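> If you scroll down you'll find the structure; I have some questions about it.
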Amino acid sequence: MKTSTSSLTLILILIIIYFGFKSSMPGDAIDKELTETEFATERALVHVKKISTKPHSVGFPAHKEIRNYIRRELEKLGLQTSVQEGYTTGDWANLSKAVNIIAKIEGTEKGKALVLLSHYDSNPHSSLGASDAGSGVATILEGVRAFLAENKKPKNDIIILFTDAEELGLNGADLFVNNHPWSKDVGLVLNFEARGSGGPSYMLIETNRGNSNLIKEFTKANPDYPVANSLVYSIYKMLPNDTDLTVFRKDGDIEGLNFAFIDDHYDYHTERDTYERLDRNTLAHQGSYLMPLLHHFSTADLSNLKSLDDYNYFNVPFFKLVSYPFDWVWPLFIIALIFFFALILHGFKKKSLNLKDSALSFIPLLSTIVINGIVGYFSWPILKSSYPQYQDILHGFTYNGYTYITAFVLFSLAVCFFIYHKFRKINTANLLVGPLVLWLIICGGLSTYLPGASFFIIPVFALLAAFLVVINQEKPNAYLLVFLLIPALWIFTPFIKMFPVGLGLKMMVASTVLTTLVFVLALPVFSFYKHKNRVAFILMLLFITAMVSAHLNAGFSEDHAKPTSLVYVLNADSNDAQWATYDHVLSGWTAQFVGADKKVPEKLSKNTISSKYKTAFTYTSKAPLKNIAAPKVEKTRDTIIGTERHVKICITPQRNVNRLDIFTAQTNIIKASVNSVPLSDYFLKNRTPGKLITHYISDNEYTELSLILPKDEKFELKLYEASNDLLTNSQFTVPARPKNAIPKPFVLNDAILVTKTITIE
C-alpha cells in the first residue's frame, strides 16, 4: 500500500471513530426558535440552577426548599400535587422519612399508567445534585410543560413522581411501590438518573423477564439518539446495581427504562456536581429521549410490555437501534463458522493460505493480547503506587482519567503495530486466520454464557468478508477494506472508553485488551502498511506525551480539587476525643488536625460507617475535648415472653444531628424493627456482625429500636451519632477548605461524631 493511501486510510478511520462518538448525542444544546411544544434545554437549565444551589439531602435545610420549588413548578403547569410521607428502610437497612412529590395527568381511558420518575434529594452531605438528579427533575418538568402545551389528552394516565431518599436506600421508591394506591396501576416507568456530569445517556432496561416487547416499543418511539446495547443490559442484570427503578421491578414486577449518563465521573456525589459543570448536550440528550417516549407511551398499550423473549440490540449511526431475537444467536454463529471453514478451504485451494504461516498468525495475536493485557491489568496498581493521592479518589476515575485511557490505547496500538511489523512477511490472508479463530471462539463463548453480547458476531462477518477479499486479491481496494471495518469501529470503540469511565481505571485492562481485539479486526487494512514500525514509533511517542501530560496534571487544583475528609470523634464512654480522616495522603488542610501524631485506628475502623465503598478511617489523632451532648438512651421495654426477650430502646438526640448508625456483633436477632418499620428476616439472617441500622434523621426525630432476642441473650450496641456541622459549630474553629480541596464524597464528612455503648445484661 502506498504511503499516501496508508495515510488516507488512517485519517479515514479516525474520522469514522470520531463520527461514531459525535453522532451519539445532540451536538448543539442551544435552542433556536423552538415552539412551546418542544423540549428546550435552556428552560430545563433554569430548573437545574434553582435545584442545585445548596446541598439538599434528607434532613438538610434546603431539602424542604427544593421540594416546595418542585411543587410550585408543577402547580404552575396546572397540575395538582400531593406528597407521600413515611418511614422505610429499603433493602439496605437505611431508615429515613421519605417525602415523595406526586402529580398526575389524567388519561382518557382506563388502563396502565406511565410513570415519569426521578429523585430530588442530593447525596449527603456536600453534593449540590445538579446532575444527580437535578437533571432528571429538570428534564421531566420541562418535558411535561412541552407535552401539556400541545393541549392533547393522553390515552394513559401519566404519573409524575419525584422520589425522596434515593441516595440513602431507595426509600422513596420503596414507599411508593409498596404503599401508594396508584402503584398497582403502573405499566411502565421512565427513570432519569446520573452518575457523572456529562457524556451520552445510556438506556438500561429493568425487567424480570425478557426485553423483546420493551425493545420493540422503544424502537417504535424512535428517539433520535439512542445509546443502548444488550451487553450492558446483560452485565447490568448480573450486578447488584440499584436505582429507584430496581424497586419497581423487584417489589412491583413493573417494567422500566433507565436513562443515565456516566462521563466526568469525578463530579459524582461531590460539591462540584454543579449547574456550571453539567454538560448542556447531555441534558439535551435526556430531553431527546423523554419527548418521543412520552408521546409514544402515553397512547401505547402498557399492559402488553412483558415478554419471555430477549433481543440483542446495539446502536450505530444512521440505523439508530438495531435489534434481533436471541433465537438468531446460534444460527448466526453457525453461519459464520461455516463461512470461515469454506474460506479456509478456498484459501488453501487458491494457495493464498498455507499451514505454516496460518499457524504463525497466532504468535503476534497472542503476544499482543498478553502484553497489552498485563500492562492494562497492572496499570492502576502502578499508578496508585506512583501517585498515592489517587487513593483518595474513591470511585477510581481520576481528573486526568481520559488522558490515561488515551495513553494506554496508544500504547496498545503501538505494541500491535510493532509486533505485527515483525511478521510483515506473512501475507494478510494468513495473518487473519489467528484473529478469526479467536473471534469465533469469543463469539461462541458469548453465545453460550452472555448471549446479550452475541452481536459481536456482526463485525466478525465483516472480517470474514475482508478475508474473502484478501484471499482473492493480492492488492485489494484499501477503501473497501476500511468500509468493512466500520461495524467494528462503531460497535467496539465506545466500550474502550466506557469501561474505565464507568467502573474506574482499574478496568483499564478492558480497554487495552479490547483495543488489541479491534486492531486485529483492522488487520485487512493495517497489514498492508509498509512501515508499521514507524507508526508504532509515532504511537509510542504519543503514549509518552500523554503520560507526561497526565503526570503534569496528577496534582490538584481549584478546578480539579482534592477530596478531603475530617471528623471529630468523641467517645462518650471513655470521655476522650480524636480527629479522624479517611484520607490516605493528607492535605495541608487535614494535616492541621491529623498531624505528626497521627496513627492508624483500631477500634474505629472495626465499625465501618456505611458508605458506597465500605471505606474505613485511615488515620486518627488526639483532639481536645468539647462539650458535645451524647444521645439520650432509654430502655422502655424489657420483658420475657416464652423463650424470647423483647427489648425496646429509644434513642433521642440532645443536639442537632443528621444520622445515627447502630452496630452490634450479635447475629442471632430473631426480629427487629426501627420506628415501627420491620427489618426483613432475610437481612437479619444474612447480615454479618457490624452495622444493624442507619437512621438518616429528619427534624431531630428519635430512633426507637425494638428487638426480639433469645431469652438469656446478653447484648451490646454501639451508637455512632453524627452531625454534619463541624465547620459551622461554634465550639470549633475549623477553617473553610482552600479552593483546591473539596469534601470527600461517599463517606461521613465534616462531621461531629459521638460514640456510645449500650449493654443489655
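Naming works like this for the C-alpha cells: A, B, ... for the chains as they're shown, residue 1 at the start of each chain, ligands 1 onward in shown order.
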Using only C-alpha atoms, which residues of stretch 14-75 of chain A come within 12 Å of stretch 687-711 of chain A, and what is the closest atom pair for each, with the distance in Å to one decimal? Give it as a tab-separated table, sorted by chain and residue number.

residue	atom	partner	partner_atom	distance
A:His56	CA	A:Ser698	CA	12.0
A:Ser57	CA	A:Tyr696	CA	9.6
A:Val58	CA	A:Ser698	CA	6.6
A:Gly59	CA	A:Ser698	CA	4.2
A:Phe60	CA	A:Ser698	CA	7.8
A:Pro61	CA	A:Asp699	CA	9.5
A:His63	CA	A:Ser698	CA	10.0
A:Lys64	CA	A:Ser698	CA	10.6
> Generate a file of the selected residues that holds N, CA and C atoms, formatted as a tab-separated table (two decimals), in the first residue's frame.

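This is the output file part-v7.tsv:
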chain	number	residue	atom	x	y	z
A	56	HIS	N	-29.02	19.29	49.38
A	56	HIS	CA	-30.41	19.12	49.79
A	56	HIS	C	-30.74	17.65	50.05
A	57	SER	N	-29.88	17.02	50.81
A	57	SER	CA	-30.16	15.65	51.23
A	57	SER	C	-31.24	15.65	52.30
A	58	VAL	N	-31.76	14.46	52.57
A	58	VAL	CA	-32.77	14.31	53.62
A	58	VAL	C	-32.23	14.84	54.94
A	59	GLY	N	-33.03	15.68	55.59
A	59	GLY	CA	-32.64	16.24	56.89
A	59	GLY	C	-31.88	17.55	56.80
A	60	PHE	N	-31.50	17.97	55.58
A	60	PHE	CA	-30.77	19.22	55.41
A	60	PHE	C	-31.77	20.36	55.17
A	61	PRO	N	-31.43	21.57	55.58
A	61	PRO	CA	-32.38	22.69	55.48
A	61	PRO	C	-32.94	22.92	54.07
A	63	HIS	N	-33.51	20.86	51.77
A	63	HIS	CA	-34.31	19.74	51.27
A	63	HIS	C	-35.78	20.15	51.10
A	64	LYS	N	-36.33	20.80	52.10
A	64	LYS	CA	-37.72	21.25	52.03
A	64	LYS	C	-37.88	22.37	51.00
> Counting only C-alpha atoms, which residues of stretch 106-138 of chain A sit at most 9 Å from some atom of stretch 194-205 of chain A, and what is each one's closest atom pair with its distance in Å to one decimal, listed by chain and rising residue number, as JSON lines?

{"residue": "A:Ala130", "atom": "CA", "partner": "A:Ser197", "partner_atom": "CA", "distance": 8.2}
{"residue": "A:Ser131", "atom": "CA", "partner": "A:Ser197", "partner_atom": "CA", "distance": 5.6}
{"residue": "A:Asp132", "atom": "CA", "partner": "A:Ala194", "partner_atom": "CA", "distance": 4.9}
{"residue": "A:Ala133", "atom": "CA", "partner": "A:Ala194", "partner_atom": "CA", "distance": 6.2}
{"residue": "A:Ser135", "atom": "CA", "partner": "A:Ala194", "partner_atom": "CA", "distance": 7.8}
{"residue": "A:Gly136", "atom": "CA", "partner": "A:Ala194", "partner_atom": "CA", "distance": 7.8}
> Could you save the residues just selected, with N, CA, C and O atoms, as a JSON list (two decimals), in the first residue's frame?

[["chain", "number", "residue", "atom", "x", "y", "z"],
["A", 130, "ALA", "N", -26.70, 18.76, 40.89],
["A", 130, "ALA", "CA", -27.15, 19.31, 39.61],
["A", 130, "ALA", "C", -27.42, 18.19, 38.61],
["A", 130, "ALA", "O", -28.48, 18.14, 37.97],
["A", 131, "SER", "N", -26.47, 17.28, 38.48],
["A", 131, "SER", "CA", -26.66, 16.14, 37.57],
["A", 131, "SER", "C", -27.46, 15.04, 38.23],
["A", 131, "SER", "O", -28.41, 14.51, 37.66],
["A", 132, "ASP", "N", -27.06, 14.70, 39.46],
["A", 132, "ASP", "CA", -27.67, 13.59, 40.19],
["A", 132, "ASP", "C", -28.53, 14.12, 41.33],
["A", 132, "ASP", "O", -28.03, 14.34, 42.43],
["A", 133, "ALA", "N", -29.83, 14.27, 41.13],
["A", 133, "ALA", "CA", -30.54, 14.04, 39.87],
["A", 133, "ALA", "C", -31.36, 15.27, 39.52],
["A", 133, "ALA", "O", -32.47, 15.16, 39.03],
["A", 135, "SER", "N", -30.80, 17.07, 37.08],
["A", 135, "SER", "CA", -31.00, 16.99, 35.63],
["A", 135, "SER", "C", -32.24, 16.17, 35.31],
["A", 135, "SER", "O", -32.97, 16.48, 34.36],
["A", 136, "GLY", "N", -32.47, 15.10, 36.08],
["A", 136, "GLY", "CA", -33.66, 14.27, 35.85],
["A", 136, "GLY", "C", -34.94, 15.01, 36.18],
["A", 136, "GLY", "O", -35.92, 14.95, 35.44]]
> Taking only C-alpha atoms into account, name the residue in A:Leu539, A:Ala550, A:Val520, A:Leu446 that is nearest to A:Ile235.
A:Leu446
> Which residues are close to A:Ser288, i.e. within 12 Å by only C-alpha atoms, leaving aside same-chain residues fewer than 5 positions away? Reply as a list in words.
Ser24, Met25, Pro26, Gly27, Ala29, Glu38, Phe39, Ala40, Thr41, Thr139, Ile140, Glu142, Gly143, Pro200, Ser201, Ala221, Asn222, Pro223, Asp224, Tyr225, Pro226, Val227, Phe259, Asn281, Thr282, Leu283, Leu293, Leu294 and His295 of chain A
> Using DSSP secondary structure from the backbone, list all alpha helix (DSSP H) positions within stretch 490-735 of chain A, as JSON, numbers by chain.
{"A": [490, 491, 492, 493, 494, 495, 496, 497, 498, 499, 500, 501, 502, 503, 508, 509, 510, 511, 512, 513, 514, 515, 516, 517, 518, 519, 520, 521, 523, 524, 525, 526, 532, 533, 534, 535, 536, 537, 538, 539, 540, 541, 542, 543, 544, 545, 546, 547, 548, 549, 550, 551, 552, 588, 589, 590, 591, 603, 604, 605, 606, 681, 682, 683, 684, 685, 686]}
> Which residue gives the smallest distance to A:Asn354 among A:Leu436, A:Tyr404, A:Ile471, A:Leu332, with only C-alpha atoms counted?
A:Ile471
> Go through stretch 16-85 of chain A and collect every residue that DSSP, computed from the backbone, puts in strand (DSSP E or B); the answer should be as an mmCIF file with all heavy atoms, in the first residue's frame.

data_model
loop_
_atom_site.group_PDB
_atom_site.id
_atom_site.type_symbol
_atom_site.label_atom_id
_atom_site.label_comp_id
_atom_site.auth_asym_id
_atom_site.auth_seq_id
_atom_site.Cartn_x
_atom_site.Cartn_y
_atom_site.Cartn_z
ATOM 1 N N THR A 81 -50.737 18.678 43.036
ATOM 2 C CA THR A 81 -49.670 17.865 43.621
ATOM 3 C C THR A 81 -50.072 17.350 45.000
ATOM 4 O O THR A 81 -50.924 17.937 45.680
ATOM 5 C CB THR A 81 -48.363 18.667 43.757
ATOM 6 O OG1 THR A 81 -48.550 19.726 44.707
ATOM 7 C CG2 THR A 81 -47.930 19.240 42.422
ATOM 8 N N SER A 82 -49.429 16.280 45.368
ATOM 9 C CA SER A 82 -49.587 15.748 46.723
ATOM 10 C C SER A 82 -48.238 15.215 47.172
ATOM 11 O O SER A 82 -47.328 15.020 46.361
ATOM 12 C CB SER A 82 -50.637 14.631 46.750
ATOM 13 O OG SER A 82 -50.213 13.542 45.943
ATOM 14 N N VAL A 83 -48.106 15.006 48.474
ATOM 15 C CA VAL A 83 -46.887 14.393 48.995
ATOM 16 C C VAL A 83 -47.258 13.100 49.704
ATOM 17 O O VAL A 83 -48.337 12.968 50.277
ATOM 18 C CB VAL A 83 -46.123 15.320 49.961
ATOM 19 C CG1 VAL A 83 -45.606 16.548 49.231
ATOM 20 C CG2 VAL A 83 -46.972 15.710 51.152
ATOM 21 N N GLN A 84 -46.369 12.154 49.624
ATOM 22 C CA GLN A 84 -46.495 10.890 50.331
ATOM 23 C C GLN A 84 -45.329 10.806 51.298
ATOM 24 O O GLN A 84 -44.169 10.868 50.885
ATOM 25 C CB GLN A 84 -46.466 9.710 49.358
ATOM 26 C CG GLN A 84 -46.584 8.349 50.034
ATOM 27 C CD GLN A 84 -46.182 7.214 49.104
ATOM 28 O OE1 GLN A 84 -45.496 7.428 48.110
ATOM 29 N NE2 GLN A 84 -46.608 5.995 49.434
ATOM 30 N N GLU A 85 -45.613 10.659 52.568
ATOM 31 C CA GLU A 85 -44.576 10.726 53.592
ATOM 32 C C GLU A 85 -44.608 9.474 54.451
ATOM 33 O O GLU A 85 -45.675 8.982 54.814
ATOM 34 C CB GLU A 85 -44.795 11.969 54.466
ATOM 35 C CG GLU A 85 -43.746 12.196 55.517
ATOM 36 C CD GLU A 85 -43.950 13.514 56.258
ATOM 37 O OE1 GLU A 85 -44.830 14.304 55.835
ATOM 38 O OE2 GLU A 85 -43.240 13.761 57.246
#
> Neighbours of A:Thr108 within 8 Å (only C-alpha atoms; same-chain residues fewer than 5 positions away dropped), as a PyMOL selection string?
chain A and resi 153-157
> Please produce a file of those selected residues containing N, CA, C and O atoms, as a PDB file, in the first residue's frame.

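The result, written out as again_35.pdb:
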ATOM      1  N   LYS A 153     -55.081  15.343  25.215  1.00  0.00           N
ATOM      2  CA  LYS A 153     -55.275  14.430  26.321  1.00  0.00           C
ATOM      3  C   LYS A 153     -54.594  13.093  26.017  1.00  0.00           C
ATOM      4  O   LYS A 153     -54.811  12.514  24.943  1.00  0.00           O
ATOM      5  N   PRO A 154     -53.802  12.585  26.927  1.00  0.00           N
ATOM      6  CA  PRO A 154     -53.199  11.273  26.697  1.00  0.00           C
ATOM      7  C   PRO A 154     -54.226  10.160  26.895  1.00  0.00           C
ATOM      8  O   PRO A 154     -55.223  10.331  27.602  1.00  0.00           O
ATOM      9  N   LYS A 155     -53.981   9.040  26.287  1.00  0.00           N
ATOM     10  CA  LYS A 155     -54.844   7.877  26.485  1.00  0.00           C
ATOM     11  C   LYS A 155     -54.609   7.287  27.876  1.00  0.00           C
ATOM     12  O   LYS A 155     -55.558   6.921  28.580  1.00  0.00           O
ATOM     13  N   ASN A 156     -53.326   7.198  28.275  1.00  0.00           N
ATOM     14  CA  ASN A 156     -52.959   6.613  29.567  1.00  0.00           C
ATOM     15  C   ASN A 156     -52.736   7.697  30.616  1.00  0.00           C
ATOM     16  O   ASN A 156     -52.310   8.809  30.285  1.00  0.00           O
ATOM     17  N   ASP A 157     -53.015   7.379  31.857  1.00  0.00           N
ATOM     18  CA  ASP A 157     -52.613   8.268  32.942  1.00  0.00           C
ATOM     19  C   ASP A 157     -51.096   8.421  32.933  1.00  0.00           C
ATOM     20  O   ASP A 157     -50.355   7.459  32.689  1.00  0.00           O
TER      21      ASP A 157
END
> For atom CA of A:Pro494 and atom CA of A:Ile382, quote the distance in Å rounded to one decimal.
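About the pair atom CA of A:Pro494 and atom CA of A:Ile382: they are 25.1 Å apart.
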> Do you have, as a Markdown table, the list of residues of stretch 379-468 of chain A lying at most 10 Å from stretch 738-755 of chain A, each with its nearest atom pair and that distance in Å to one decimal, counting only C-alpha atoms and ordered by chain then number?

| residue | atom | partner | partner_atom | distance |
| --- | --- | --- | --- | --- |
| A:Asp392 | CA | A:Lys744 | CA | 7.9 |
| A:Ile393 | CA | A:Lys744 | CA | 8.1 |
| A:Leu394 | CA | A:Phe746 | CA | 7.9 |
| A:His395 | CA | A:Phe746 | CA | 9.0 |
> In Å, with one decimal, what is the gap from atom CA of A:Leu719 to atom CA of A:Asn171?
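Atom CA of A:Asn171 lies 22.2 Å from atom CA of A:Leu719.
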> Using only C-alpha atoms, which of the listed residues (A:Ser118, A:Tyr402, A:Gly134, A:Arg424) sits closest to A:Ile496?
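Of A:Ser118, A:Tyr402, A:Gly134, A:Arg424, the one nearest A:Ile496 is A:Tyr402, counting only C-alpha atoms.
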> Quick one: pull the distance between atom CA of A:Leu161 and atom CA of A:Val46, Å, one decimal.
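Atom CA of A:Val46 lies at a distance of 19.7 Å from atom CA of A:Leu161.
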> Using only C-alpha atoms, which of the listed residues (A:Asn553, A:Ser673, A:Thr428, A:Thr618) sits closest to A:Phe526?
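Closest to A:Phe526, using only C-alpha atoms: A:Thr428.
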> Write out as a list in words which residues come within 10 Å of A:Ala465 when counting only C-alpha atoms, dropping same-chain ones fewer than 5 positions away.
Phe339, Phe340, Leu343, Pro459, Val460, Val470, Ile471, Leu481 and Leu484 of chain A
> At most 9 Å is the cut-off: for each residue in stretch 394-503 of chain A with any atom that close to an atom of stretch 316-319 of chain A, write down the nearest atom pair and the distance in Å rounded to one decimal, counting only C-alpha atoms, chain first then increasing number, as CSV.

residue,atom,partner,partner_atom,distance
A:Pro487,CA,A:Val316,CA,8.2
A:Trp490,CA,A:Val316,CA,6.2
A:Ile491,CA,A:Val316,CA,6.9
> So that I can see what lies close to A:Lys184, please list as an NGL selection string the residues with an atom at most 10 Å from it, counting only C-alpha atoms and leaving out residues fewer than 3 positions away in the same chain.
:A and (112-113 or 177-181 or 187 or 252-254)
> List the neighbours of A:Tyr18 out to 10 Å using only C-alpha atoms; skip same-chain residues closer than 5 positions along the sequence, and give me the result as a PyMOL selection string.
chain A and resi 12-13+23+489-490+493
